[in-house]
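Let me begin by presenting the structure, written as structure tokens, before commenting on it.
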Amino acid sequence: MSRHVAIVTDSTAYLPQQTMERHGITAVPLTVVIGDQALEEGTEISARSLALALQKRRSVTTSRPSPEVFAAAYRAAAEAGATGIVSLHLSSEFSGTYDAAVLAAQGAPVPVRVVDTGMVAMALGFCALSAAEVADAGGTVDEAVAAAEKRAAGMSAYFYVDTLDYLRRGGRIGAAQALLGSALAVKPLLELDGGRIEMLEKVRTASKAIARLEEIAAERAGTRRVDIAVHHLAAPERAERLAERLRVRVPGLAVLHVSEVGAVIGAHTGPGLLGVVIAPQ
């Protein structure tokens, strides 16, 4: 799609492919490294392959895109007719992706506004979609950024993981919190707060934790008009059951996405992840 303002994000936004194509959104891939093999998220490694590698306890790490990859995306957008670019990325607390985009923007052929959304997964995806809708309507770079930032400000993201070990290994949660969870044999509920993953509650069993996740999501949504995303890794039945209950419990539900997270987020959460993103319209 040719427009004056192009929208770039990264592969952790997990927007449906059809949605990205419809709005002309470009997603720059992060990399997953399994053993000594580096694979691009979204094209060279699936979530299921990642889950299998984790279950086999293979070494799994992730890395940001290089500035050169971002530079190529910005050149392509300019060549397609963009006179400005909005580049929206996952929290800089999780990844150096934002920093790589900032470096690439300095040499871009058109002005680029790089935004650290403080979000990840469809919390980032909803921000990118809001910016794209403004761009589709002929809005400016500033207007697209404002739309994304407004969406981010109202966003909530909560998730359940079977174990904190993966988050601890990747440095995304403190070792003390992870060890406490293991010692008490509790199931953690986490939230995205200030661009970081924070402990929200500790619940005794998986079933009670997932029920509590549903309760928190429904309470947060209230009666407002909201979009919701339910994410999982290697837990499709859990995700579908939760989505069905939220369809009943959230009177202002507009759009509900159910999707498996990609390999980058999966590498840090492990199989069994169940997450909910609440995005007021």
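Scheme for the structure tokens: letters A, B, ... for chains in order shown; per-chain residue numbers from 1; ligand numbers from 1 in order shown.
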Next on the checklist: With only C-alpha atoms as the counted atoms, please give the residues lying no more than 8 Å from Arg204 (chain A), apart from itself and same-chain residues fewer than 3 positions off, as a PyMOL selection string.
Outcome noted: chain A and resi 185-187+208-209
Item to check | region 160-254 of chain A: residues DSSP assigns to strand (DSSP E or B), reported as JSON, numbers by chain | outcome: {"A": [160, 187, 188, 189, 190, 191, 192, 193, 196, 197, 198, 199, 200, 201, 202, 203, 226, 227, 228, 229, 230, 231, 232, 253, 254]}
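Distances to Asp116 (chain A) were evaluated for A:Thr9, A:Pro29, A:Arg57, A:Gly84 using only C-alpha atoms, and the minimum falls at A:Thr9.
Nearest-residue note for Thr205 (chain A): choosing from A:Ala218, A:Ala27, A:Val161, A:Ala101, the minimum distance belongs to A:Val161, counting only C-alpha atoms.
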Among the residues of region 138-260 of chain A, find those DSSP assigns to alpha helix (DSSP H) from the backbone and print them as an mmCIF file with N, CA, C and O atoms, in the first residue's frame.
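As written to disk, selection32.cif reads:
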```cif
data_model
loop_
_atom_site.group_PDB
_atom_site.id
_atom_site.type_symbol
_atom_site.label_atom_id
_atom_site.label_comp_id
_atom_site.auth_asym_id
_atom_site.auth_seq_id
_atom_site.Cartn_x
_atom_site.Cartn_y
_atom_site.Cartn_z
ATOM 1 N N VAL A 141 2.858 11.962 10.427
ATOM 2 C CA VAL A 141 3.704 11.169 11.325
ATOM 3 C C VAL A 141 3.342 11.464 12.777
ATOM 4 O O VAL A 141 3.176 10.552 13.594
ATOM 5 N N ASP A 142 3.220 12.747 13.114
ATOM 6 C CA ASP A 142 2.887 13.114 14.498
ATOM 7 C C ASP A 142 1.543 12.540 14.920
ATOM 8 O O ASP A 142 1.386 12.073 16.060
ATOM 9 N N GLU A 143 0.574 12.563 14.030
ATOM 10 C CA GLU A 143 -0.753 12.033 14.360
ATOM 11 C C GLU A 143 -0.719 10.517 14.542
ATOM 12 O O GLU A 143 -1.388 9.974 15.425
ATOM 13 N N ALA A 144 0.063 9.833 13.715
ATOM 14 C CA ALA A 144 0.178 8.379 13.841
ATOM 15 C C ALA A 144 0.877 8.005 15.143
ATOM 16 O O ALA A 144 0.466 7.058 15.837
ATOM 17 N N VAL A 145 1.932 8.732 15.493
ATOM 18 C CA VAL A 145 2.631 8.480 16.759
ATOM 19 C C VAL A 145 1.699 8.728 17.935
ATOM 20 O O VAL A 145 1.649 7.938 18.892
ATOM 21 N N ALA A 146 0.947 9.826 17.880
ATOM 22 C CA ALA A 146 0.024 10.153 18.973
ATOM 23 C C ALA A 146 -1.017 9.058 19.151
ATOM 24 O O ALA A 146 -1.372 8.701 20.288
ATOM 25 N N ALA A 147 -1.507 8.504 18.051
ATOM 26 C CA ALA A 147 -2.504 7.431 18.137
ATOM 27 C C ALA A 147 -1.915 6.190 18.794
ATOM 28 O O ALA A 147 -2.554 5.541 19.631
ATOM 29 N N ALA A 148 -0.682 5.860 18.417
ATOM 30 C CA ALA A 148 -0.024 4.690 19.007
ATOM 31 C C ALA A 148 0.226 4.900 20.494
ATOM 32 O O ALA A 148 0.010 3.993 21.310
ATOM 33 N N GLU A 149 0.703 6.079 20.860
ATOM 34 C CA GLU A 149 1.013 6.359 22.265
ATOM 35 C C GLU A 149 -0.259 6.399 23.116
ATOM 36 O O GLU A 149 -0.255 5.942 24.271
ATOM 37 N N LYS A 150 -1.338 6.914 22.554
ATOM 38 C CA LYS A 150 -2.610 6.916 23.283
ATOM 39 C C LYS A 150 -3.086 5.491 23.522
ATOM 40 O O LYS A 150 -3.559 5.149 24.610
ATOM 41 N N ARG A 151 -2.944 4.629 22.501
ATOM 42 C CA ARG A 151 -3.356 3.234 22.655
ATOM 43 C C ARG A 151 -2.509 2.548 23.719
ATOM 44 O O ARG A 151 -3.008 1.808 24.556
ATOM 45 N N ALA A 152 -1.211 2.799 23.682
ATOM 46 C CA ALA A 152 -0.309 2.179 24.658
ATOM 47 C C ALA A 152 -0.649 2.606 26.078
ATOM 48 O O ALA A 152 -0.584 1.794 27.017
ATOM 49 N N ALA A 153 -1.018 3.877 26.245
ATOM 50 C CA ALA A 153 -1.293 4.399 27.588
ATOM 51 C C ALA A 153 -2.483 3.701 28.247
ATOM 52 O O ALA A 153 -2.538 3.583 29.476
ATOM 53 N N GLY A 154 -3.433 3.218 27.430
ATOM 54 C CA GLY A 154 -4.610 2.568 27.991
ATOM 55 C C GLY A 154 -4.525 1.059 28.045
ATOM 56 O O GLY A 154 -5.448 0.392 28.527
ATOM 57 N N ASP A 165 11.196 -20.144 35.261
ATOM 58 C CA ASP A 165 12.579 -20.483 34.907
ATOM 59 C C ASP A 165 13.031 -19.836 33.600
ATOM 60 O O ASP A 165 14.163 -19.356 33.490
ATOM 61 N N TYR A 166 12.155 -19.831 32.584
ATOM 62 C CA TYR A 166 12.553 -19.284 31.289
ATOM 63 C C TYR A 166 12.771 -17.772 31.373
ATOM 64 O O TYR A 166 13.713 -17.242 30.782
ATOM 65 N N LEU A 167 11.904 -17.084 32.101
ATOM 66 C CA LEU A 167 12.065 -15.641 32.282
ATOM 67 C C LEU A 167 13.330 -15.341 33.082
ATOM 68 O O LEU A 167 14.039 -14.373 32.811
ATOM 69 N N ARG A 168 13.631 -16.190 34.051
ATOM 70 C CA ARG A 168 14.845 -15.996 34.848
ATOM 71 C C ARG A 168 16.094 -16.190 33.986
ATOM 72 O O ARG A 168 17.025 -15.384 34.039
ATOM 73 N N ARG A 169 16.111 -17.256 33.174
ATOM 74 C CA ARG A 169 17.280 -17.525 32.329
ATOM 75 C C ARG A 169 17.558 -16.384 31.366
ATOM 76 O O ARG A 169 18.706 -16.065 31.073
ATOM 77 N N ALA A 175 16.006 -13.143 39.731
ATOM 78 C CA ALA A 175 16.252 -14.499 40.208
ATOM 79 C C ALA A 175 15.543 -14.764 41.530
ATOM 80 O O ALA A 175 15.052 -15.863 41.778
ATOM 81 N N ALA A 176 15.478 -13.738 42.385
ATOM 82 C CA ALA A 176 14.824 -13.913 43.687
ATOM 83 C C ALA A 176 13.346 -14.233 43.510
ATOM 84 O O ALA A 176 12.797 -15.116 44.185
ATOM 85 N N GLN A 177 12.682 -13.531 42.599
ATOM 86 C CA GLN A 177 11.266 -13.803 42.338
ATOM 87 C C GLN A 177 11.079 -15.210 41.780
ATOM 88 O O GLN A 177 10.154 -15.922 42.169
ATOM 89 N N ALA A 178 11.951 -15.603 40.859
ATOM 90 C CA ALA A 178 11.830 -16.923 40.249
ATOM 91 C C ALA A 178 12.044 -18.026 41.286
ATOM 92 O O ALA A 178 11.305 -19.014 41.332
ATOM 93 N N LEU A 179 13.062 -17.859 42.143
ATOM 94 C CA LEU A 179 13.342 -18.867 43.152
ATOM 95 C C LEU A 179 12.224 -18.948 44.182
ATOM 96 O O LEU A 179 11.874 -20.031 44.656
ATOM 97 N N LEU A 180 11.641 -17.790 44.526
ATOM 98 C CA LEU A 180 10.529 -17.780 45.472
ATOM 99 C C LEU A 180 9.354 -18.566 44.915
ATOM 100 O O LEU A 180 8.729 -19.376 45.600
ATOM 101 N N GLY A 181 9.060 -18.339 43.625
ATOM 102 C CA GLY A 181 7.958 -19.070 43.003
ATOM 103 C C GLY A 181 8.188 -20.560 43.022
ATOM 104 O O GLY A 181 7.282 -21.350 43.311
ATOM 105 N N SER A 182 9.424 -20.992 42.741
ATOM 106 C CA SER A 182 9.737 -22.418 42.728
ATOM 107 C C SER A 182 9.661 -23.013 44.125
ATOM 108 O O SER A 182 9.141 -24.108 44.333
ATOM 109 N N ALA A 183 10.194 -22.279 45.107
ATOM 110 C CA ALA A 183 10.225 -22.790 46.473
ATOM 111 C C ALA A 183 8.824 -22.978 47.040
ATOM 112 O O ALA A 183 8.559 -23.927 47.781
ATOM 113 N N LEU A 184 7.928 -22.085 46.691
ATOM 114 C CA LEU A 184 6.567 -22.159 47.222
ATOM 115 C C LEU A 184 5.642 -22.995 46.350
ATOM 116 O O LEU A 184 4.476 -23.180 46.697
ATOM 117 N N ALA A 206 -2.517 -24.342 38.723
ATOM 118 C CA ALA A 206 -2.672 -23.804 37.373
ATOM 119 C C ALA A 206 -4.120 -23.439 37.079
ATOM 120 O O ALA A 206 -4.403 -22.384 36.511
ATOM 121 N N SER A 207 -5.056 -24.292 37.455
ATOM 122 C CA SER A 207 -6.468 -24.022 37.155
ATOM 123 C C SER A 207 -6.956 -22.761 37.868
ATOM 124 O O SER A 207 -7.686 -21.952 37.294
ATOM 125 N N LYS A 208 -6.522 -22.587 39.118
ATOM 126 C CA LYS A 208 -6.925 -21.379 39.849
ATOM 127 C C LYS A 208 -6.260 -20.139 39.260
ATOM 128 O O LYS A 208 -6.870 -19.069 39.210
ATOM 129 N N ALA A 209 -5.015 -20.279 38.813
ATOM 130 C CA ALA A 209 -4.311 -19.147 38.218
ATOM 131 C C ALA A 209 -4.980 -18.699 36.921
ATOM 132 O O ALA A 209 -5.143 -17.500 36.675
ATOM 133 N N ILE A 210 -5.384 -19.657 36.102
ATOM 134 C CA ILE A 210 -6.034 -19.316 34.829
ATOM 135 C C ILE A 210 -7.419 -18.708 35.075
ATOM 136 O O ILE A 210 -7.829 -17.764 34.394
ATOM 137 N N ALA A 211 -8.131 -19.230 36.077
ATOM 138 C CA ALA A 211 -9.427 -18.635 36.442
ATOM 139 C C ALA A 211 -9.236 -17.200 36.925
ATOM 140 O O ALA A 211 -10.032 -16.306 36.611
ATOM 141 N N ARG A 212 -8.176 -16.978 37.680
ATOM 142 C CA ARG A 212 -7.896 -15.629 38.172
ATOM 143 C C ARG A 212 -7.486 -14.705 37.029
ATOM 144 O O ARG A 212 -7.857 -13.526 37.007
ATOM 145 N N LEU A 213 -6.740 -15.224 36.052
ATOM 146 C CA LEU A 213 -6.382 -14.445 34.872
ATOM 147 C C LEU A 213 -7.635 -13.972 34.149
ATOM 148 O O LEU A 213 -7.728 -12.805 33.737
ATOM 149 N N GLU A 214 -8.598 -14.859 33.992
ATOM 150 C CA GLU A 214 -9.876 -14.494 33.368
ATOM 151 C C GLU A 214 -10.565 -13.392 34.158
ATOM 152 O O GLU A 214 -11.075 -12.419 33.586
ATOM 153 N N GLU A 215 -10.584 -13.534 35.475
ATOM 154 C CA GLU A 215 -11.244 -12.556 36.340
ATOM 155 C C GLU A 215 -10.596 -11.185 36.205
ATOM 156 O O GLU A 215 -11.287 -10.161 36.056
ATOM 157 N N ILE A 216 -9.282 -11.155 36.249
ATOM 158 C CA ILE A 216 -8.559 -9.885 36.138
ATOM 159 C C ILE A 216 -8.828 -9.228 34.790
ATOM 160 O O ILE A 216 -9.077 -8.022 34.703
ATOM 161 N N ALA A 217 -8.793 -10.009 33.713
ATOM 162 C CA ALA A 217 -9.025 -9.467 32.375
ATOM 163 C C ALA A 217 -10.432 -8.895 32.244
ATOM 164 O O ALA A 217 -10.620 -7.804 31.690
ATOM 165 N N ALA A 218 -11.421 -9.609 32.755
ATOM 166 C CA ALA A 218 -12.807 -9.135 32.680
ATOM 167 C C ALA A 218 -12.988 -7.866 33.493
ATOM 168 O O ALA A 218 -13.667 -6.920 33.060
ATOM 169 N N GLU A 219 -12.372 -7.822 34.667
ATOM 170 C CA GLU A 219 -12.472 -6.621 35.504
ATOM 171 C C GLU A 219 -11.821 -5.432 34.823
ATOM 172 O O GLU A 219 -12.347 -4.313 34.844
ATOM 173 N N ARG A 220 -10.655 -5.660 34.214
ATOM 174 C CA ARG A 220 -9.943 -4.567 33.563
ATOM 175 C C ARG A 220 -10.705 -4.048 32.342
ATOM 176 O O ARG A 220 -10.744 -2.845 32.081
ATOM 177 N N ALA A 221 -11.317 -4.956 31.602
ATOM 178 C CA ALA A 221 -12.086 -4.546 30.420
ATOM 179 C C ALA A 221 -13.319 -3.760 30.821
ATOM 180 O O ALA A 221 -13.668 -2.761 30.179
ATOM 181 N N PRO A 236 -3.150 -24.453 22.926
ATOM 182 C CA PRO A 236 -4.290 -23.917 22.172
ATOM 183 C C PRO A 236 -5.631 -24.138 22.850
ATOM 184 O O PRO A 236 -6.516 -23.278 22.767
ATOM 185 N N GLU A 237 -5.807 -25.262 23.519
ATOM 186 C CA GLU A 237 -7.097 -25.525 24.169
ATOM 187 C C GLU A 237 -7.338 -24.537 25.300
ATOM 188 O O GLU A 237 -8.442 -24.011 25.460
ATOM 189 N N ARG A 238 -6.304 -24.281 26.097
ATOM 190 C CA ARG A 238 -6.414 -23.287 27.169
ATOM 191 C C ARG A 238 -6.825 -21.933 26.597
ATOM 192 O O ARG A 238 -7.688 -21.249 27.138
ATOM 193 N N ALA A 239 -6.178 -21.542 25.507
ATOM 194 C CA ALA A 239 -6.438 -20.230 24.917
ATOM 195 C C ALA A 239 -7.866 -20.136 24.390
ATOM 196 O O ALA A 239 -8.552 -19.121 24.600
ATOM 197 N N GLU A 240 -8.339 -21.159 23.724
ATOM 198 C CA GLU A 240 -9.697 -21.128 23.180
ATOM 199 C C GLU A 240 -10.749 -21.088 24.289
ATOM 200 O O GLU A 240 -11.751 -20.378 24.183
ATOM 201 N N ARG A 241 -10.510 -21.853 25.357
ATOM 202 C CA ARG A 241 -11.455 -21.837 26.477
ATOM 203 C C ARG A 241 -11.513 -20.455 27.127
ATOM 204 O O ARG A 241 -12.596 -19.943 27.435
ATOM 205 N N LEU A 242 -10.345 -19.844 27.306
ATOM 206 C CA LEU A 242 -10.315 -18.511 27.902
ATOM 207 C C LEU A 242 -10.996 -17.503 26.990
ATOM 208 O O LEU A 242 -11.772 -16.650 27.449
ATOM 209 N N ALA A 243 -10.740 -17.586 25.694
ATOM 210 C CA ALA A 243 -11.360 -16.660 24.749
ATOM 211 C C ALA A 243 -12.874 -16.782 24.772
ATOM 212 O O ALA A 243 -13.591 -15.770 24.759
ATOM 213 N N GLU A 244 -13.379 -18.001 24.821
ATOM 214 C CA GLU A 244 -14.830 -18.201 24.859
ATOM 215 C C GLU A 244 -15.442 -17.577 26.107
ATOM 216 O O GLU A 244 -16.509 -16.959 26.055
ATOM 217 N N ARG A 245 -14.765 -17.711 27.233
ATOM 218 C CA ARG A 245 -15.309 -17.140 28.465
ATOM 219 C C ARG A 245 -15.279 -15.616 28.427
ATOM 220 O O ARG A 245 -16.195 -14.950 28.910
ATOM 221 N N LEU A 246 -14.228 -15.061 27.837
ATOM 222 C CA LEU A 246 -14.155 -13.603 27.752
ATOM 223 C C LEU A 246 -15.198 -13.051 26.785
ATOM 224 O O LEU A 246 -15.715 -11.946 26.989
ATOM 225 N N ARG A 247 -15.518 -13.803 25.746
ATOM 226 C CA ARG A 247 -16.589 -13.366 24.839
ATOM 227 C C ARG A 247 -17.903 -13.191 25.587
ATOM 228 O O ARG A 247 -18.697 -12.295 25.286
ATOM 229 N N VAL A 248 -18.122 -14.035 26.556
ATOM 230 C CA VAL A 248 -19.352 -13.975 27.356
ATOM 231 C C VAL A 248 -19.275 -12.866 28.405
ATOM 232 O O VAL A 248 -20.252 -12.155 28.658
ATOM 233 N N ARG A 249 -18.100 -12.698 29.004
ATOM 234 C CA ARG A 249 -17.971 -11.829 30.173
ATOM 235 C C ARG A 249 -17.702 -10.364 29.857
ATOM 236 O O ARG A 249 -17.850 -9.504 30.740
#
```
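When only C-alpha atoms are used to measure the gap to Gly96 (chain A), the shortest distance among A:Ala135, A:Val69, A:Val226, A:Leu30 belongs to A:Leu30.
For Gly42 (chain A), the set of protein, DNA and RNA residues having any atom at most 10 Å away, when counting only C-alpha atoms and skipping those fewer than 2 positions along the same chain, is Ser11, Thr12, Tyr14, Ala27, Val28, Pro29, Leu30, Thr31, Leu39, Glu40, Glu44, Ile45, Ser46, Ala47, Gly262, Ala263 and Val264 of chain A.
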Let me see the file: selected residues, all heavy atoms, as a tab-separated table (two decimals), in the first residue's frame.
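Okay, this is what ended up in result-v3.tsv:
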```tsv
chain	number	residue	atom	x	y	z
A	11	SER	N	8.82	-8.19	14.66
A	11	SER	CA	8.10	-9.47	14.58
A	11	SER	C	7.44	-9.88	15.88
A	11	SER	O	6.61	-10.79	15.89
A	11	SER	CB	9.07	-10.58	14.14
A	11	SER	OG	10.14	-10.73	15.06
A	12	THR	N	7.75	-9.19	17.00
A	12	THR	CA	7.08	-9.55	18.26
A	12	THR	C	5.70	-8.92	18.39
A	12	THR	O	5.02	-9.14	19.40
A	12	THR	CB	7.93	-9.14	19.48
A	12	THR	OG1	7.97	-7.71	19.60
A	12	THR	CG2	9.33	-9.70	19.39
A	14	TYR	N	3.17	-9.71	16.50
A	14	TYR	CA	2.28	-10.85	16.28
A	14	TYR	C	0.92	-10.45	15.71
A	14	TYR	O	-0.12	-11.01	16.07
A	14	TYR	CB	2.11	-11.66	17.57
A	14	TYR	CG	3.43	-12.17	18.10
A	14	TYR	CD1	3.71	-12.16	19.45
A	14	TYR	CD2	4.42	-12.62	17.23
A	14	TYR	CE1	4.95	-12.61	19.93
A	14	TYR	CE2	5.65	-13.07	17.69
A	14	TYR	CZ	5.90	-13.06	19.04
A	14	TYR	OH	7.12	-13.49	19.49
A	27	ALA	N	6.99	-5.68	9.30
A	27	ALA	CA	7.51	-6.22	10.56
A	27	ALA	C	8.95	-6.69	10.36
A	27	ALA	O	9.20	-7.60	9.57
A	27	ALA	CB	6.65	-7.36	11.07
A	28	VAL	N	9.88	-6.08	11.04
A	28	VAL	CA	11.30	-6.46	10.96
A	28	VAL	C	11.54	-7.63	11.92
A	28	VAL	O	11.18	-7.54	13.10
A	28	VAL	CB	12.20	-5.27	11.32
A	28	VAL	CG1	13.66	-5.70	11.39
A	28	VAL	CG2	12.02	-4.16	10.29
A	29	PRO	N	12.13	-8.72	11.46
A	29	PRO	CA	12.24	-9.91	12.31
A	29	PRO	C	13.37	-9.85	13.33
A	29	PRO	O	14.47	-9.40	13.03
A	29	PRO	CB	12.50	-11.04	11.30
A	29	PRO	CG	13.18	-10.37	10.17
A	29	PRO	CD	12.59	-8.98	10.08
A	30	LEU	N	13.07	-10.32	14.55
A	30	LEU	CA	14.11	-10.63	15.52
A	30	LEU	C	14.62	-12.03	15.23
A	30	LEU	O	14.06	-12.73	14.38
A	30	LEU	CB	13.57	-10.55	16.95
A	30	LEU	CG	13.54	-9.15	17.59
A	30	LEU	CD1	12.46	-8.28	16.96
A	30	LEU	CD2	13.33	-9.25	19.11
A	31	THR	N	15.67	-12.42	15.93
A	31	THR	CA	16.33	-13.70	15.66
A	31	THR	C	16.30	-14.59	16.89
A	31	THR	O	16.47	-14.11	18.02
A	31	THR	CB	17.79	-13.48	15.23
A	31	THR	OG1	17.80	-12.69	14.04
A	31	THR	CG2	18.50	-14.79	14.98
A	39	LEU	N	18.00	-18.20	13.53
A	39	LEU	CA	16.79	-18.31	12.71
A	39	LEU	C	15.92	-17.06	12.87
A	39	LEU	O	15.71	-16.59	13.98
A	39	LEU	CB	15.98	-19.55	13.11
A	39	LEU	CG	16.74	-20.89	13.06
A	39	LEU	CD1	15.97	-21.95	13.83
A	39	LEU	CD2	16.94	-21.31	11.61
A	40	GLU	N	15.42	-16.55	11.75
A	40	GLU	CA	14.54	-15.38	11.80
A	40	GLU	C	13.16	-15.77	12.29
A	40	GLU	O	12.56	-16.74	11.80
A	40	GLU	CB	14.42	-14.73	10.42
A	40	GLU	CG	15.62	-13.90	10.02
A	40	GLU	CD	15.34	-13.08	8.77
A	40	GLU	OE1	14.24	-13.23	8.18
A	40	GLU	OE2	16.22	-12.30	8.38
A	44	GLU	N	11.72	-18.47	9.55
A	44	GLU	CA	12.64	-19.61	9.61
A	44	GLU	C	12.42	-20.52	10.83
A	44	GLU	O	13.02	-21.59	10.90
A	44	GLU	CB	14.09	-19.10	9.61
A	44	GLU	CG	14.44	-18.38	8.32
A	44	GLU	CD	15.86	-17.84	8.31
A	44	GLU	OE1	16.42	-17.62	9.41
A	44	GLU	OE2	16.41	-17.64	7.21
A	45	ILE	N	11.61	-20.07	11.78
A	45	ILE	CA	11.31	-20.91	12.94
A	45	ILE	C	9.88	-20.67	13.39
A	45	ILE	O	9.43	-19.52	13.45
A	45	ILE	CB	12.29	-20.67	14.11
A	45	ILE	CG1	11.95	-21.60	15.27
A	45	ILE	CG2	12.30	-19.21	14.54
A	45	ILE	CD1	12.97	-21.62	16.37
A	46	SER	N	9.16	-21.74	13.67
A	46	SER	CA	7.79	-21.64	14.15
A	46	SER	C	7.76	-21.72	15.67
A	46	SER	O	8.71	-22.16	16.32
A	46	SER	CB	6.95	-22.78	13.57
A	46	SER	OG	7.37	-24.02	14.11
A	47	ALA	N	6.62	-21.33	16.24
A	47	ALA	CA	6.44	-21.44	17.68
A	47	ALA	C	6.51	-22.89	18.13
A	47	ALA	O	7.05	-23.21	19.19
A	47	ALA	CB	5.11	-20.81	18.09
A	262	GLY	N	5.07	-15.96	18.95
A	262	GLY	CA	6.17	-16.43	18.13
A	262	GLY	C	7.33	-16.93	18.98
A	262	GLY	O	7.28	-16.97	20.21
A	263	ALA	N	8.40	-17.28	18.28
A	263	ALA	CA	9.52	-17.93	18.95
A	263	ALA	C	10.27	-17.01	19.90
A	263	ALA	O	10.81	-17.48	20.92
A	263	ALA	CB	10.48	-18.47	17.88
A	264	VAL	N	10.33	-15.71	19.63
A	264	VAL	CA	11.09	-14.82	20.50
A	264	VAL	C	10.46	-14.72	21.88
A	264	VAL	O	11.13	-14.91	22.90
A	264	VAL	CB	11.24	-13.43	19.85
A	264	VAL	CG1	11.76	-12.41	20.87
A	264	VAL	CG2	12.18	-13.49	18.66
```
Next on the checklist: Quick one: residues within 6 Å of Leu192 (chain A), only C-alpha atoms, excluding same-chain residues fewer than 4 positions away - as a ChimeraX atom specification?
Outcome noted: /A:157,196-197
Checklist entry - Which of these, A:Ala38, A:Leu52, A:Met119, A:Val134, has the shortest distance to His4 (chain A) once you count only C-alpha atoms? => result A:Val134
Next on the checklist: Could you list, as a ChimeraX atom specification, every residue within 8 Å of Glu93 (chain A), counting only C-alpha atoms and ignoring same-chain residues fewer than 2 positions away?
Outcome noted: /A:91,95,118,195-196
